[in-house]
Each structure stands twice: as structure tokens, then as C-alpha cells.
>>> print(open('structure38.tsv').read())   # TSV, C-alpha atoms
chain	number	residue	atom	x	y	z
A	1	MET	CA	79.56	79.43	164.88
A	2	LYS	CA	76.16	81.07	164.75
A	3	LEU	CA	72.56	80.34	165.67
A	4	THR	CA	69.84	81.32	163.21
A	5	ASP	CA	66.09	81.59	163.57
A	6	ASN	CA	63.33	83.40	161.68
A	7	ARG	CA	64.53	86.99	162.04
A	8	LEU	CA	67.87	86.85	163.78
A	9	ASN	CA	71.37	85.42	163.69
A	10	LEU	CA	73.17	85.06	166.99
A	11	ARG	CA	76.94	85.01	166.70
A	12	PRO	CA	79.48	84.75	169.54
A	13	LEU	CA	82.25	87.32	169.16
A	14	THR	CA	85.90	86.32	169.37
A	15	ALA	CA	88.43	88.34	171.36
A	16	ALA	CA	89.54	90.11	168.16
A	17	GLU	CA	85.92	90.93	167.26
A	18	LEU	CA	85.27	92.30	170.76
A	19	GLU	CA	88.33	94.51	170.33
A	20	LEU	CA	86.98	95.75	166.98
A	21	ALA	CA	83.61	96.48	168.58
A	22	LEU	CA	85.35	98.76	171.03
A	23	ASP	CA	87.83	100.36	168.63
A	24	ASN	CA	86.29	100.38	165.15
A	25	TYR	CA	82.63	99.33	165.01
A	26	ALA	CA	82.42	99.78	161.22
A	27	GLU	CA	85.34	97.39	160.79
A	28	LEU	CA	83.58	94.87	163.04
A	29	GLU	CA	80.46	95.08	160.86
A	30	GLN	CA	82.55	94.65	157.73
A	31	SER	CA	84.46	91.68	159.17
A	32	LEU	CA	81.13	89.98	159.97
A	33	GLY	CA	79.89	90.58	156.41
A	34	LEU	CA	77.21	93.02	157.56
A	35	ASN	CA	76.05	96.35	156.21
A	36	VAL	CA	78.41	98.98	157.52
A	37	THR	CA	76.42	101.48	159.54
A	38	ALA	CA	79.05	102.47	162.11
A	39	ALA	CA	76.08	103.30	164.34
A	40	GLN	CA	77.52	101.96	167.56
A	41	THR	CA	74.76	103.41	169.72
A	42	LEU	CA	74.83	100.25	171.83
A	43	LEU	CA	78.40	101.08	172.82
A	44	ASP	CA	77.71	104.72	173.67
A	45	ASP	CA	76.94	103.52	177.19
A	46	GLU	CA	80.11	103.30	179.29
A	47	GLU	CA	78.64	100.40	181.26
A	48	MET	CA	78.27	98.37	178.03
A	49	ARG	CA	81.81	99.24	176.94
A	50	TYR	CA	83.10	98.10	180.34
A	51	ALA	CA	81.14	94.83	180.05
A	52	MET	CA	82.62	94.25	176.59
A	53	ARG	CA	86.16	94.82	177.90
A	54	VAL	CA	85.50	92.33	180.73
A	55	ARG	CA	84.13	89.76	178.26
A	56	ARG	CA	87.22	90.24	176.04
A	57	ALA	CA	89.54	89.60	179.01
A	58	LYS	CA	87.56	86.44	179.90
A	59	VAL	CA	87.71	85.18	176.31
A	60	LEU	CA	91.48	85.74	176.19
A	61	GLN	CA	91.82	83.61	179.35
A	62	ASP	CA	89.90	80.68	177.80
A	63	GLU	CA	89.58	81.07	174.03
A	64	GLN	CA	88.51	77.44	173.55
A	65	ASN	CA	85.29	78.09	175.52
A	66	TYR	CA	84.71	81.62	174.21
A	67	PRO	CA	80.99	81.14	173.35
A	68	TRP	CA	80.29	80.82	177.10
A	69	LEU	CA	82.31	83.92	177.97
A	70	THR	CA	81.57	86.48	175.30
A	71	ASN	CA	79.03	88.87	173.87
A	72	TRP	CA	76.89	87.35	171.14
A	73	ALA	CA	75.94	89.77	168.37
A	74	ILE	CA	72.20	89.82	167.66
A	75	ILE	CA	72.06	90.31	163.91
A	76	HIS	CA	68.85	91.36	162.14
A	77	LEU	CA	68.70	89.02	159.13
A	78	GLU	CA	66.77	91.27	156.76
A	79	GLU	CA	68.78	94.42	157.50
A	80	GLN	CA	72.08	92.59	158.02
A	81	ARG	CA	73.07	94.72	161.00
A	82	ILE	CA	73.77	94.26	164.70
A	83	ILE	CA	70.75	95.29	166.75
A	84	GLY	CA	71.90	94.10	170.15
A	85	PHE	CA	74.03	91.79	172.22
A	86	LEU	CA	73.57	88.81	174.50
A	87	ILE	CA	76.19	88.49	177.23
A	88	LEU	CA	77.13	85.10	178.65
A	89	LYS	CA	79.13	85.13	181.86
A	90	GLY	CA	80.40	81.56	181.81
A	91	GLY	CA	79.27	77.99	181.44
A	92	PRO	CA	77.09	76.24	184.01
A	93	ASN	CA	78.29	76.74	187.60
A	94	GLU	CA	78.00	74.15	190.41
A	95	GLN	CA	74.23	74.79	190.67
A	96	GLY	CA	73.78	74.45	186.90
A	97	GLU	CA	73.24	78.20	186.47
A	98	VAL	CA	74.28	80.20	183.40
A	99	ILE	CA	74.16	83.97	183.83
A	100	LEU	CA	72.86	85.95	180.88
A	101	GLY	CA	72.52	89.63	180.04
A	102	TYR	CA	71.12	91.34	176.96
A	103	VAL	CA	70.67	94.71	175.34
A	104	ILE	CA	68.74	95.77	172.23
A	105	ASP	CA	69.30	98.98	170.28
A	106	GLU	CA	66.59	101.47	171.23
A	107	LYS	CA	65.23	101.62	167.65
A	108	TYR	CA	64.50	97.88	167.73
A	109	ARG	CA	62.85	97.61	171.13
A	110	GLY	CA	59.23	96.59	171.42
A	111	HIS	CA	59.30	94.19	168.45
A	112	GLY	CA	60.05	90.94	170.28
A	113	TYR	CA	63.71	90.76	169.27
A	114	ALA	CA	65.01	90.44	172.84
A	115	THR	CA	62.50	87.70	173.63
A	116	GLU	CA	63.41	85.85	170.43
A	117	ALA	CA	67.16	86.15	171.03
A	118	VAL	CA	66.97	85.09	174.69
A	119	ARG	CA	64.69	82.16	173.78
A	120	HIS	CA	67.15	80.99	171.13
A	121	ILE	CA	70.29	81.32	173.27
A	122	THR	CA	68.47	79.63	176.17
A	123	ALA	CA	67.76	76.60	173.96
A	124	TRP	CA	71.47	76.52	173.04
A	125	ILE	CA	72.46	76.79	176.72
A	126	PHE	CA	70.17	73.91	177.67
A	127	ASN	CA	71.96	71.69	175.14
A	128	HIS	CA	74.73	71.54	177.76
A	129	PRO	CA	73.95	68.61	180.05
A	130	ASP	CA	74.92	70.53	183.22
A	131	ALA	CA	72.77	73.61	182.50
A	132	ARG	CA	69.68	73.66	184.73
A	133	TRP	CA	68.91	77.40	184.97
A	134	VAL	CA	69.39	80.56	182.93
A	135	ILE	CA	69.76	83.52	185.29
A	136	ALA	CA	69.18	87.19	184.43
A	137	ASP	CA	69.05	90.27	186.59
A	138	THR	CA	67.17	93.44	185.74
A	139	GLU	CA	66.95	96.87	187.25
A	140	LYS	CA	63.71	97.28	189.17
A	141	ASP	CA	62.41	100.01	186.85
A	142	ASN	CA	63.21	98.14	183.61
A	143	THR	CA	59.68	96.92	182.91
A	144	ALA	CA	60.46	96.09	179.27
A	145	SER	CA	63.12	93.64	180.39
A	146	HIS	CA	60.74	92.21	182.98
A	147	ARG	CA	58.23	91.54	180.18
A	148	VAL	CA	60.88	89.78	178.07
A	149	LEU	CA	61.60	87.40	180.92
A	150	GLN	CA	57.93	86.90	181.75
A	151	HIS	CA	57.27	85.93	178.09
A	152	LEU	CA	59.92	83.24	178.56
A	153	ASP	CA	58.25	81.91	181.72
A	154	ALA	CA	61.09	83.15	183.91
A	155	GLU	CA	60.47	83.04	187.63
A	156	LEU	CA	61.26	86.05	189.81
A	157	TYR	CA	63.19	84.45	192.64
A	158	ARG	CA	65.28	87.12	194.33
A	159	GLU	CA	65.22	90.85	194.94
A	160	THR	CA	67.88	93.26	196.13
A	161	GLU	CA	67.70	96.99	196.69
A	162	ASP	CA	68.35	97.72	192.99
A	163	LEU	CA	67.78	94.47	191.11
A	164	LEU	CA	65.28	91.75	190.39
A	165	TRP	CA	66.74	88.28	189.73
A	166	TRP	CA	64.98	85.95	187.32
A	167	ARG	CA	65.56	82.31	186.37
A	168	ILE	CA	64.41	80.17	183.50
A	169	ALA	CA	64.26	76.47	184.33
A	170	ARG	CA	65.52	73.80	182.00
A	171	PRO	CA	62.40	72.29	180.43
A	172	ALA	CA	61.71	68.65	181.18
A	173	ILE	CA	60.32	68.10	177.69
A	174	SER	CA	59.82	70.41	174.74
A	175	PHE	CA	58.09	70.21	171.40
A	176	ASP	CA	59.89	71.59	168.37
A	177	ASP	CA	57.23	73.41	166.35
A	178	ASP	CA	59.43	73.44	163.23
A	179	THR	CA	60.18	69.71	163.10
A	180	GLY	CA	57.29	68.30	165.12
A	181	ILE	CA	59.74	66.33	167.28
A	182	LEU	CA	59.19	65.85	170.99
A	183	ARG	CA	62.51	66.49	172.73
A	184	GLY	CA	63.77	65.75	176.19
A	185	PRO	CA	66.29	67.77	178.17
A	186	GLN	CA	69.25	65.94	176.67
A	187	ASN	CA	68.59	67.34	173.18
A	188	ILE	CA	66.74	70.63	173.66
>>> encode(input="structure38.tsv", output="C-alpha cells")
Amino acid sequence: MKLTDNRLNLRPLTAAELELALDNYAELEQSLGLNVTAAQTLLDDEEMRYAMRVRRAKVLQDEQNYPWLTNWAIIHLEEQRIIGFLILKGGPNEQGEVILGYVIDEKYRGHGYATEAVRHITAWIFNHPDARWVIADTEKDNTASHRVLQHLDAELYRETEDLLWWRIARPAISFDDDTGILRGPQNI
């Protein structure tokens, strides 16, 4: 399974692929048919490695629903390399919320890739009939991430000592620029 748009492929990682990401990044790239760079700068951060281990454990508990529980590789189409990850923390909860995280390699920031990836995964999430909100939290000083969410019309709805909480509402109706089709929430 993968989602493709103009510049990016989004691909949910299986438990085995998450394990490769942690143990042998070059082998992960090779297994995905990508250019082997072995530049796992995204995984240099211990917090990201921890998140990937947690996602792997969740996927192993429910492999049938792994796209809702895993990291999605953000693949740059032209360069055929991973430039970031989207993190889904489960399917829609009782309130219709899906929690999302994301990270983009430092070299690729400021080019709209995060906005594009979050927009694309959000459309996929809203294909689920129970999904009403996409939720993301950001650190208060992460202005770049704030801008990503603002570009997606996210609403700032909660604040804690360290974090800002944002939500993107399921659109009532959307217009697909590529096909010219007016779409309702059941087929976004």
C-alpha cells in the first residue's frame, strides 16, 4: 500500500520494515526499492527511535490494521529516498480523533513537504467513516510545525505547559482539483 501525489510517496511501514529502520537503515532503503543513502539522520534522535520502537510493538499487536499504527515513510519521488515520517497512533477513537505526528529531514524543511504529506495522509484518514478530526501536538517553540498546521487550516484548541494541540476538521465537502469532482465526506 502507498499513497502518491506530485512529489511524494507515502508508504506505511510493516513491523519488519520498522525493525530494519532501527537496525539497518540502508537495508530498509534497499527493501523499499529506494536509493541507498544510509543517511538515517531522522533516527539520530533517541526520541524518534523510541517512537519507532513503540509503533513496531503496536503493529505486532494488530498487524491487520498496521497502517493506522505505524510510521509512514515520506519518500521523495524524484530522489527516491526517505525524507521523513508520518506517525499514526491508531484509528479513530470514540470522538472520531486520529492522532498524527510527523518529522522531515532537516535538509528538506521549508519546501512544503510536511504540509503536502500531512494533507495527503489527512485525506486518507478522512476516507474512514468514523474519522472526524486529525489531531497533532507541537512544542510551543516549533514555529515551522505551527505553520504546517496553519496551512492546513488546523485549529489551535488546547495548550499545556509545553505543547500546543491542533485539530483538522473533517471537511463537509471538498473539490478535487485533479479530477474536478465535488466530493462529500463519505469519499474524501
>>> closest_atom_pairs(input="structure38.tsv", of="range 110-176 of chain A", to="range 61-76 of chain A", cutoff="10 Å", atoms="only C-alpha atoms", output="tab-separated table")
residue	atom	partner	partner_atom	distance
A:Tyr113	CA	A:Ile74	CA	8.7
A:Ala114	CA	A:Ile74	CA	8.9
A:Ala117	CA	A:Ile74	CA	7.1
A:Val118	CA	A:Ile74	CA	10.0
A:Ile121	CA	A:Trp72	CA	9.2
A:Ile125	CA	A:Trp68	CA	8.8
>>> atom_distance(input="structure38.tsv", atom1="CA of Lys107 in chain A", atom2="CA of Arg81 in chain A")
12.4 Å
>>> closest_residue(input="structure38.tsv", among="A:Arg119, A:Val36, A:Ala51, A:Arg56", to="Glu19 in chain A", atoms="only C-alpha atoms")
A:Arg56
>>> atom_distance(input="structure38.tsv", atom1="CA of Arg158 in chain A", atom2="CA of Glu139 in chain A")
12.2 Å
>>> residues_around(input="structure38.tsv", residues="Ala16 in chain A", least_positions_apart="4", cutoff="10 Å", atoms="all atoms listed in the file", output="number ranges by chain")
A: 20-21, 28, 56, 59-60
>>> closest_residue(input="structure38.tsv", among="A:Ala144, A:Val98, A:Leu22, A:Leu43", to="Asp130 in chain A", atoms="only C-alpha atoms")
A:Val98
>>> build_atoms(input="structure38.tsv", residues="range 93-129 of chain A", atoms="N, CA and C atoms", output="mmCIF file, keeping the file's coordinate frame")
data_model
loop_
_atom_site.group_PDB
_atom_site.id
_atom_site.type_symbol
_atom_site.label_atom_id
_atom_site.label_comp_id
_atom_site.auth_asym_id
_atom_site.auth_seq_id
_atom_site.Cartn_x
_atom_site.Cartn_y
_atom_site.Cartn_z
ATOM 1 N N ASN A 93 77.554 76.807 186.336
ATOM 2 C CA ASN A 93 78.290 76.740 187.600
ATOM 3 C C ASN A 93 77.873 75.473 188.354
ATOM 4 N N GLU A 94 78.282 75.350 189.618
ATOM 5 C CA GLU A 94 78.000 74.150 190.410
ATOM 6 C C GLU A 94 76.500 73.889 190.567
ATOM 7 N N GLN A 95 75.684 74.937 190.542
ATOM 8 C CA GLN A 95 74.230 74.790 190.670
ATOM 9 C C GLN A 95 73.549 74.630 189.307
ATOM 10 N N GLY A 96 74.343 74.576 188.244
ATOM 11 C CA GLY A 96 73.780 74.450 186.900
ATOM 12 C C GLY A 96 73.260 75.756 186.342
ATOM 13 N N GLU A 97 73.717 76.879 186.887
ATOM 14 C CA GLU A 97 73.240 78.200 186.470
ATOM 15 C C GLU A 97 74.171 78.801 185.404
ATOM 16 N N VAL A 98 73.559 79.425 184.412
ATOM 17 C CA VAL A 98 74.280 80.200 183.400
ATOM 18 C C VAL A 98 73.718 81.608 183.467
ATOM 19 N N ILE A 99 74.602 82.579 183.682
ATOM 20 C CA ILE A 99 74.160 83.970 183.830
ATOM 21 C C ILE A 99 74.192 84.656 182.471
ATOM 22 N N LEU A 100 73.089 85.343 182.179
ATOM 23 C CA LEU A 100 72.860 85.950 180.880
ATOM 24 C C LEU A 100 72.470 87.414 181.043
ATOM 25 N N GLY A 101 72.959 88.241 180.146
ATOM 26 C CA GLY A 101 72.520 89.630 180.040
ATOM 27 C C GLY A 101 72.167 89.910 178.586
ATOM 28 N N TYR A 102 71.476 91.001 178.338
ATOM 29 C CA TYR A 102 71.120 91.340 176.960
ATOM 30 C C TYR A 102 70.819 92.823 176.861
ATOM 31 N N VAL A 103 71.004 93.324 175.652
ATOM 32 C CA VAL A 103 70.670 94.710 175.340
ATOM 33 C C VAL A 103 70.256 94.770 173.870
ATOM 34 N N ILE A 104 69.230 95.568 173.595
ATOM 35 C CA ILE A 104 68.740 95.770 172.230
ATOM 36 C C ILE A 104 68.806 97.262 171.926
ATOM 37 N N ASP A 105 69.268 97.595 170.728
ATOM 38 C CA ASP A 105 69.300 98.980 170.280
ATOM 39 C C ASP A 105 67.906 99.581 170.437
ATOM 40 N N GLU A 106 67.859 100.794 170.923
ATOM 41 C CA GLU A 106 66.590 101.470 171.230
ATOM 42 C C GLU A 106 65.610 101.447 170.057
ATOM 43 N N LYS A 107 66.103 101.589 168.831
ATOM 44 C CA LYS A 107 65.230 101.620 167.650
ATOM 45 C C LYS A 107 64.531 100.290 167.404
ATOM 46 N N TYR A 108 65.037 99.213 167.990
ATOM 47 C CA TYR A 108 64.500 97.880 167.730
ATOM 48 C C TYR A 108 63.731 97.298 168.919
ATOM 49 N N ARG A 109 63.581 98.084 169.954
ATOM 50 C CA ARG A 109 62.850 97.610 171.130
ATOM 51 C C ARG A 109 61.348 97.577 170.843
ATOM 52 N N GLY A 110 60.672 96.687 171.544
ATOM 53 C CA GLY A 110 59.230 96.590 171.420
ATOM 54 C C GLY A 110 58.748 95.746 170.248
ATOM 55 N N HIS A 111 59.662 95.019 169.601
ATOM 56 C CA HIS A 111 59.300 94.190 168.450
ATOM 57 C C HIS A 111 59.551 92.704 168.701
ATOM 58 N N GLY A 112 59.857 92.345 169.940
ATOM 59 C CA GLY A 112 60.050 90.940 170.280
ATOM 60 C C GLY A 112 61.448 90.395 170.012
ATOM 61 N N TYR A 113 62.372 91.247 169.597
ATOM 62 C CA TYR A 113 63.710 90.760 169.270
ATOM 63 C C TYR A 113 64.450 90.228 170.511
ATOM 64 N N ALA A 114 64.334 90.910 171.625
ATOM 65 C CA ALA A 114 65.010 90.440 172.840
ATOM 66 C C ALA A 114 64.441 89.093 173.266
ATOM 67 N N THR A 115 63.132 88.967 173.249
ATOM 68 C CA THR A 115 62.500 87.700 173.630
ATOM 69 C C THR A 115 62.974 86.580 172.697
ATOM 70 N N GLU A 116 62.985 86.847 171.415
ATOM 71 C CA GLU A 116 63.410 85.850 170.430
ATOM 72 C C GLU A 116 64.874 85.451 170.641
ATOM 73 N N ALA A 117 65.732 86.437 170.851
ATOM 74 C CA ALA A 117 67.160 86.150 171.030
ATOM 75 C C ALA A 117 67.406 85.371 172.324
ATOM 76 N N VAL A 118 66.775 85.785 173.410
ATOM 77 C CA VAL A 118 66.970 85.090 174.690
ATOM 78 C C VAL A 118 66.398 83.676 174.599
ATOM 79 N N ARG A 119 65.265 83.504 173.955
ATOM 80 C CA ARG A 119 64.690 82.160 173.780
ATOM 81 C C ARG A 119 65.668 81.264 173.020
ATOM 82 N N HIS A 120 66.257 81.791 171.969
ATOM 83 C CA HIS A 120 67.150 80.990 171.130
ATOM 84 C C HIS A 120 68.450 80.642 171.863
ATOM 85 N N ILE A 121 69.042 81.611 172.548
ATOM 86 C CA ILE A 121 70.290 81.320 173.270
ATOM 87 C C ILE A 121 70.010 80.392 174.451
ATOM 88 N N THR A 122 68.845 80.510 175.056
ATOM 89 C CA THR A 122 68.470 79.630 176.170
ATOM 90 C C THR A 122 68.395 78.178 175.689
ATOM 91 N N ALA A 123 67.812 77.964 174.521
ATOM 92 C CA ALA A 123 67.760 76.600 173.960
ATOM 93 C C ALA A 123 69.177 76.083 173.742
ATOM 94 N N TRP A 124 70.073 76.920 173.244
ATOM 95 C CA TRP A 124 71.470 76.520 173.040
ATOM 96 C C TRP A 124 72.119 76.186 174.381
ATOM 97 N N ILE A 125 71.896 77.023 175.384
ATOM 98 C CA ILE A 125 72.460 76.790 176.720
ATOM 99 C C ILE A 125 71.997 75.446 177.266
ATOM 100 N N PHE A 126 70.713 75.151 177.112
ATOM 101 C CA PHE A 126 70.170 73.910 177.670
ATOM 102 C C PHE A 126 70.614 72.665 176.899
ATOM 103 N N ASN A 127 71.322 72.834 175.790
ATOM 104 C CA ASN A 127 71.960 71.690 175.140
ATOM 105 C C ASN A 127 73.116 71.160 175.979
ATOM 106 N N HIS A 128 73.653 71.990 176.863
ATOM 107 C CA HIS A 128 74.730 71.540 177.760
ATOM 108 C C HIS A 128 74.092 70.707 178.864
ATOM 109 N N PRO A 129 74.596 69.508 179.083
ATOM 110 C CA PRO A 129 73.950 68.610 180.050
ATOM 111 C C PRO A 129 73.936 69.128 181.487
#
